[in-house]
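*Asks:* Okay, handing you the structure first.
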Amino acid sequence: MSESGNIVAGTAARIFADLADPQTINRAENERWKVPLWQALVDAGLTLAWVPERHGGSGASVAEGFEILGVAGRFAAPVPLAETMLAGWLLSCAGIVSPAGVMTVAPARPRDRIVLEPDGTLSGCAHGVPFAQDAPHLAVVAHGAAPSIALVETSACRVADGRSLAGDALNVVTLDRATPIHIAPAPAEFDQTSLMLMGAVARSVETAGALEAILALTLRYANERIAFERPIAKFQAVQHNIARLAGEVAAAMTAAGSAADAIAHADIFDEAIFLETAAAKIRSAEAAEEGAAIAHQVHGAIGFTKEHILHRFTLRLLAWRDDFGDESHWATALGNRVAARGADEFWPLVASR
Amino acid sequence: MTANLRFDPIRLPPECEMLRREVRAFIAAEVAAGTFDPNQPRYGDLHDRAFSRRVGARGWIGMTWPKKYGGHERSFLERYVVTEEFRVANAPVRLHFVADRQSGPILLKFAPEHVRMDILPRICRGELCFVIGMSEPGSGSDLFAAKTRATKTNGGWLINGSKIWTSNAHIADYMIGLFRTSPPTNENRRHGLTQFLVDMKTRGIKVNPIYQMTGEHDFNEVIFEDAFMPEDHVLGEIDGAWKQATSELAYERSGPERFLETLYVLIALVRALGPKPDLRSAEGLGRLVAQLHTLRRMSVSVSGMLQAGEEPVVEGSIVKDLGTVWERRLPARVRELAAFLEPETTNRASLEEQLAFATMIAPKLTIQGGTTEVLRGIIARGLGLR
């Protein structure tokens, strides 16, 4: 991690620790705690981290932005930080100034399409758009003769109620000849896949962060919980389960960290970025599934209660698997690319990274 | 409590890519000359004295060691490239591989200077084969139960007992062996073992073959009957071998050979599937590639930490745990993905032949060099659970 990456990550960690402590917000009876948290994130320039200063953002590097998301993952904070950052990044790619406030991006799933109509309006349906009902603005990638990037008011779209596994807003957004506030051509080589790649790395980084958190929770619980007159950490069966959890955490950290590093140093999203991103999203989602199961197994009944904070992490880990392409999507795309390259080009591709 | 696991996104530096091209050209020339066949996995377990000498002549053995001992003072990451390219090509590196990976580094650290000057340059030239003498009939994963004795005698030590599962013992020039010099103490059951350099030509050493379920001969039993070891063949502290083993484990456990041993079946699958696989095969292949890429990035990361002088024992153990389980399961996954190939598919026969071999050797992968259970115990200790 660079020194500046350390500083922004430190800032994010302080804000989340002060204003989004999982124990505290898990006991909260309403969502008022979100207001000071969001304000602090805005004031620190984190929500528009990927927007250049001339567009009103804080102009953090891509790498620094991923450091922020790693911290957000460790708190599994149910605020649209990743979504607003991604929207700011997307709009900036087309030179569009980001508005203040919460944003999200559409489409958020690779098979959805939004098209630019001949009259300059946008039509299409985007499923599983995170936090759309909380966001006044959407950043959109639209298909047309060439891809465009647009800023759209959510009030110009139909937003169906919906919740993720973790209870966070997750909506079907329908655009029916919606008029964008701004629209501009996407840069060369940029299309919907570019947004899926960036979104997939963002979710992978958050996933790795949340997995680190459940490993820490699980270690603490195993050392504290007494059964059969000793801490359950002393039972070999439990030790080996947690060792496997650590392996899954390590795999997710590595895959996500590698993809974030690759995308942060890439000029264009080429074949290598595709491999890194697909691998990160697939492997971190596999780790989420296995890791969440082990963490629950070690925690026993208490981890299945509303009162315990474990679900705040595990349910988001499971929900995030579906955003910006699930494992099956990326695996099929990656498998097809590897097959098309042929057996002799297989090892050179893997060893090139 | 946090685990503080670290896997920095380390990349191989540009000089590694130049080296990789040299290694690939060397391998291509050896294959063209008929030294080995990269599509025949059995070669990866063979030894070839002439081949090892040619590898040594290229400067690819003892790459990280000081020049005064015949080494080349190159980085761990450069060694990583050579190791993975030879492994993926199924090159017959068996003769020099153990000496290069772990025996040489032990000698560098613990052997007297004149012994280092004598032996290390010969390892670097690809002339010497080493065997690891740890397990005994009554002591496998539980190394500290070793009973084979080294008893003090005039000018040295006399060894009596036996070692087992000693790969290469029948072709090896030297063993690095672990022998009991004192009984364990009540406070420390690991006390009392000493590492020795053993010349396999010593009188009183007998090697008996043990054939494996694949039909191959790799394992042996080594019997010691009053085999004399000179004083200068003691490596490190008498009775204190347990202190010397930890950093070595990270080297032994995190390398590319810990997840690439059955890779040929995946490459053969890609060849048999052709450019347009069905949906099921494409998805399965994509997942395996994602897992392989992740393992390699983890392994390179540990190698980078070793280069930086760190001792990532937990991270190294995690790489071996995940890597060996992956390479053991790989033949079964490939078998599933190949199930609906048309019977007449080109390259199917070759895939099936390689699958048969990989399926047979798979069980050993999560046993050799530290079982899955031992590794998970080490990880659990590192996490503060033991």
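How things are named: the first chain in the structure tokens is A, the next is B, and so on; residues count from 1 in each chain; ligands count from 1 in the order shown.
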For Met253 of chain A, list every protein, DNA or RNA residue within 9 Å, evaluated using only C-alpha atoms, and leave out those in the same chain fewer than 5 positions away; present the list as a list in words.

*Replies:*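 Final neighbour list, sorted by chain and number: Ser204, Val205, Thr207, Ala208, Gly209, Leu211, Glu212, Glu248, Ser258, Ala280 and Ser284 of chain A; Leu5, Arg6, Phe7 and Asp8 of chain B.
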
*Asks:* Please provide the set of residues having any atom within 10 Å of Ala295 of chain A, restricted to only C-alpha atoms, with same-chain residues fewer than 4 positions apart removed, written as an MDAnalysis selection string.

*Replies:* chainID A and resid 211 214:219 221 241:242 245 290:291 299:300 303 310:311 314

*Asks:* Taking only C-alpha atoms into account and nothing else, which residues of chain A lie no more than 7 Å away from chain B? Please answer as an NGL selection string.

*Replies:* :A and (216 or 219-220 or 223 or 233-234 or 239-240 or 243 or 247 or 250-251 or 254-255 or 257-258 or 261 or 278-279 or 282-283 or 328 or 331-332 or 334-336 or 339-340 or 342-343 or 350)

*Asks:* Neighbouring residues of Ile27 of chain B were defined as those with any atom within 10 Å, considering only C-alpha atoms; residues of the same chain fewer than 4 positions away were excluded. Please report them as a ChimeraX atom specification.

*Replies:* /B:21-23,31-33,35-36,38,55,85-86,89-91

*Asks:* Show which residues sit within 9 Å of Ser135 of chain B, as a ChimeraX atom specification. Count only C-alpha atoms, and ignore same-chain residues fewer than 2 positions away.

*Replies:* /B:132-133,137-143,146,162-166,178

*Asks:* Go ahead and dump the residues you just picked, N, CA and C atoms, as a PDB file, in the first residue's frame.

*Replies:*
```pdb
ATOM      1  N   ILE B 132      15.898 -36.384   1.361  1.00  0.00           N
ATOM      2  CA  ILE B 132      15.527 -35.894   2.689  1.00  0.00           C
ATOM      3  C   ILE B 132      15.283 -37.100   3.589  1.00  0.00           C
ATOM      4  N   GLY B 133      15.997 -37.188   4.688  1.00  0.00           N
ATOM      5  CA  GLY B 133      15.834 -38.319   5.599  1.00  0.00           C
ATOM      6  C   GLY B 133      15.140 -37.882   6.874  1.00  0.00           C
ATOM      7  N   PRO B 137       9.735 -45.501  10.157  1.00  0.00           N
ATOM      8  CA  PRO B 137       8.540 -46.357  10.250  1.00  0.00           C
ATOM      9  C   PRO B 137       7.609 -45.930  11.384  1.00  0.00           C
ATOM     10  N   GLY B 138       8.153 -45.406  12.483  1.00  0.00           N
ATOM     11  CA  GLY B 138       7.297 -44.991  13.601  1.00  0.00           C
ATOM     12  C   GLY B 138       7.157 -43.490  13.722  1.00  0.00           C
ATOM     13  N   SER B 139       7.523 -42.749  12.674  1.00  0.00           N
ATOM     14  CA  SER B 139       7.541 -41.298  12.801  1.00  0.00           C
ATOM     15  C   SER B 139       7.392 -40.672  11.422  1.00  0.00           C
ATOM     16  N   GLY B 140       6.170 -40.213  11.113  1.00  0.00           N
ATOM     17  CA  GLY B 140       5.933 -39.586   9.819  1.00  0.00           C
ATOM     18  C   GLY B 140       5.682 -38.112   9.999  1.00  0.00           C
ATOM     19  N   SER B 141       4.392 -37.746  10.076  1.00  0.00           N
ATOM     20  CA  SER B 141       4.066 -36.340  10.344  1.00  0.00           C
ATOM     21  C   SER B 141       4.641 -35.903  11.689  1.00  0.00           C
ATOM     22  N   ASP B 142       4.683 -36.834  12.637  1.00  0.00           N
ATOM     23  CA  ASP B 142       5.208 -36.523  13.970  1.00  0.00           C
ATOM     24  C   ASP B 142       6.731 -36.702  13.962  1.00  0.00           C
ATOM     25  N   LEU B 143       7.405 -35.721  13.354  1.00  0.00           N
ATOM     26  CA  LEU B 143       8.860 -35.808  13.165  1.00  0.00           C
ATOM     27  C   LEU B 143       9.627 -36.012  14.454  1.00  0.00           C
ATOM     28  N   ALA B 146      11.170 -39.240  16.045  1.00  0.00           N
ATOM     29  CA  ALA B 146      12.264 -39.968  15.380  1.00  0.00           C
ATOM     30  C   ALA B 146      13.145 -40.683  16.402  1.00  0.00           C
ATOM     31  N   SER B 162      16.591 -46.590  10.849  1.00  0.00           N
ATOM     32  CA  SER B 162      16.153 -46.542   9.451  1.00  0.00           C
ATOM     33  C   SER B 162      15.311 -45.297   9.166  1.00  0.00           C
ATOM     34  N   LYS B 163      15.349 -44.918   7.897  1.00  0.00           N
ATOM     35  CA  LYS B 163      14.488 -43.838   7.398  1.00  0.00           C
ATOM     36  C   LYS B 163      13.613 -44.433   6.307  1.00  0.00           C
ATOM     37  N   ILE B 164      12.434 -43.842   6.132  1.00  0.00           N
ATOM     38  CA  ILE B 164      11.509 -44.425   5.147  1.00  0.00           C
ATOM     39  C   ILE B 164      10.847 -43.320   4.332  1.00  0.00           C
ATOM     40  N   TRP B 165      10.237 -43.731   3.223  1.00  0.00           N
ATOM     41  CA  TRP B 165       9.608 -42.806   2.251  1.00  0.00           C
ATOM     42  C   TRP B 165      10.636 -41.838   1.673  1.00  0.00           C
ATOM     43  N   THR B 166      11.872 -42.272   1.624  1.00  0.00           N
ATOM     44  CA  THR B 166      12.943 -41.405   1.163  1.00  0.00           C
ATOM     45  C   THR B 166      12.982 -41.415  -0.364  1.00  0.00           C
ATOM     46  N   LEU B 178      17.748 -36.456   9.845  1.00  0.00           N
ATOM     47  CA  LEU B 178      17.424 -35.982  11.187  1.00  0.00           C
ATOM     48  C   LEU B 178      17.570 -37.180  12.123  1.00  0.00           C
TER      49      LEU B 178
END
```

*Asks:* Residues of segment 52-287 of chain A in strand (DSSP E or B) according to DSSP, as a PyMOL selection string?

*Replies:* chain A and resi 103-106+113-116+122-130+137-143+148-153+158-160+163+169-178+182-185+226-227+230-231

*Asks:* Could you list, as a ChimeraX atom specification, every residue within 9 Å of Ala76 of chain A, counting only C-alpha atoms and ignoring same-chain residues fewer than 5 positions away?

*Replies:* /A:22,71,206-207,209-210,213,312-313,316-317

*Asks:* Restricting it to N, CA and C atoms, dump the selection as a PDB file, in the first residue's frame.

*Replies:*
```pdb
ATOM      1  N   PRO A  22     -20.287  -1.823  13.964  1.00  0.00           N
ATOM      2  CA  PRO A  22     -21.314  -2.838  13.683  1.00  0.00           C
ATOM      3  C   PRO A  22     -22.203  -3.161  14.891  1.00  0.00           C
ATOM      4  N   VAL A  71     -11.703  -1.022   3.273  1.00  0.00           N
ATOM      5  CA  VAL A  71     -12.122  -0.635   4.627  1.00  0.00           C
ATOM      6  C   VAL A  71     -13.640  -0.740   4.758  1.00  0.00           C
ATOM      7  N   GLU A 206     -14.428  -5.312  -1.574  1.00  0.00           N
ATOM      8  CA  GLU A 206     -15.311  -5.255  -0.393  1.00  0.00           C
ATOM      9  C   GLU A 206     -15.471  -6.645   0.219  1.00  0.00           C
ATOM     10  N   THR A 207     -15.611  -7.646  -0.641  1.00  0.00           N
ATOM     11  CA  THR A 207     -15.769  -9.029  -0.176  1.00  0.00           C
ATOM     12  C   THR A 207     -14.555  -9.467   0.637  1.00  0.00           C
ATOM     13  N   GLY A 209     -12.537  -7.589   2.256  1.00  0.00           N
ATOM     14  CA  GLY A 209     -12.568  -6.857   3.530  1.00  0.00           C
ATOM     15  C   GLY A 209     -13.535  -7.507   4.510  1.00  0.00           C
ATOM     16  N   ALA A 210     -14.730  -7.843   4.041  1.00  0.00           N
ATOM     17  CA  ALA A 210     -15.732  -8.450   4.929  1.00  0.00           C
ATOM     18  C   ALA A 210     -15.278  -9.836   5.394  1.00  0.00           C
ATOM     19  N   ALA A 213     -12.994  -9.469   8.205  1.00  0.00           N
ATOM     20  CA  ALA A 213     -13.755  -9.167   9.423  1.00  0.00           C
ATOM     21  C   ALA A 213     -14.348 -10.430  10.031  1.00  0.00           C
ATOM     22  N   ARG A 312     -24.496  -9.374   9.566  1.00  0.00           N
ATOM     23  CA  ARG A 312     -24.251  -8.128   8.833  1.00  0.00           C
ATOM     24  C   ARG A 312     -23.183  -8.359   7.762  1.00  0.00           C
ATOM     25  N   PHE A 313     -22.242  -9.227   8.084  1.00  0.00           N
ATOM     26  CA  PHE A 313     -21.148  -9.509   7.147  1.00  0.00           C
ATOM     27  C   PHE A 313     -21.512 -10.653   6.194  1.00  0.00           C
ATOM     28  N   ARG A 316     -24.194  -9.869   3.497  1.00  0.00           N
ATOM     29  CA  ARG A 316     -23.677  -9.005   2.413  1.00  0.00           C
ATOM     30  C   ARG A 316     -22.683  -9.774   1.549  1.00  0.00           C
ATOM     31  N   LEU A 317     -21.847 -10.576   2.188  1.00  0.00           N
ATOM     32  CA  LEU A 317     -20.914 -11.404   1.391  1.00  0.00           C
ATOM     33  C   LEU A 317     -21.673 -12.233   0.357  1.00  0.00           C
TER      34      LEU A 317
END
```

*Asks:* Restricting the calculation to only C-alpha atoms, which member of B:Glu261, B:Glu30, B:Glu310, B:Glu237 is positioned closest to Trp326 of chain B?

*Replies:*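 Of B:Glu261, B:Glu30, B:Glu310, B:Glu237, the one nearest Trp326 of chain B is B:Glu261, counting only C-alpha atoms.
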
*Asks:* Using Å and a single decimal, report how far atom CA of Asp43 of chain A sits from atom CA of Ser194 of chain A.

*Replies:*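 Between atom CA of Ser194 of chain A and atom CA of Asp43 of chain A the gap is 28.7 Å.
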
*Asks:* List the neighbours of Leu165 of chain A out to 9 Å using only C-alpha atoms; skip same-chain residues closer than 4 positions along the sequence, and give me the result as a PyMOL selection string.

*Replies:* chain A and resi 315-316+318-319

*Asks:* Atom CA of Met103 of chain A to atom CA of Ala188 of chain A: how many Å, to one decimal?

*Replies:*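 Distance reported for this atom pair: 24.2 Å.
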
*Asks:* With a distance cut-off of 9 Å and only C-alpha atoms, select the neighbouring residues of Glu307 of chain A, excluding the residue or stretch itself and same-chain residues fewer than 4 positions from it, and output the selection as an MDAnalysis selection string.

*Replies:* chainID A and resid 23 26:27 302:303

*Asks:* Between atom CA of Ile123 of chain B and atom CA of Glu225 of chain B, what is the spacing in Å?

*Replies:*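 Pair atom CA of Glu225 of chain B / atom CA of Ile123 of chain B returns 27.3 Å.
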
*Asks:* Out of A:Ala28, A:Met198, A:Ala256, A:Val173, which residue has the shortest atom-to-atom distance to Cys157 of chain A when counting only C-alpha atoms?

*Replies:*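 Checking each of A:Ala28, A:Met198, A:Ala256, A:Val173 against Cys157 of chain A, counting only C-alpha atoms, the winner is A:Val173.
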
*Asks:* Compare A:Ala288, A:Ala9, A:Ala20, A:Leu170 by their minimum atom-to-atom distance to Gly70 of chain A, counting only C-alpha atoms, and give me the closest one.

*Replies:*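 Smallest separation from Gly70 of chain A among the options: A:Ala9.
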
*Asks:* Hey, which of A:Val249, A:Pro78, A:Ala264, A:Ala49 ends up closest to Glu31 of chain A? Count only C-alpha atoms.

*Replies:* A:Pro78

*Asks:* So, counting only C-alpha atoms, which residue among B:Arg203, B:Lys243, B:His170, B:Arg79 is closest to Phe219 of chain B?

*Replies:*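 Of B:Arg203, B:Lys243, B:His170, B:Arg79, the one nearest Phe219 of chain B, counting only C-alpha atoms, is B:His170.
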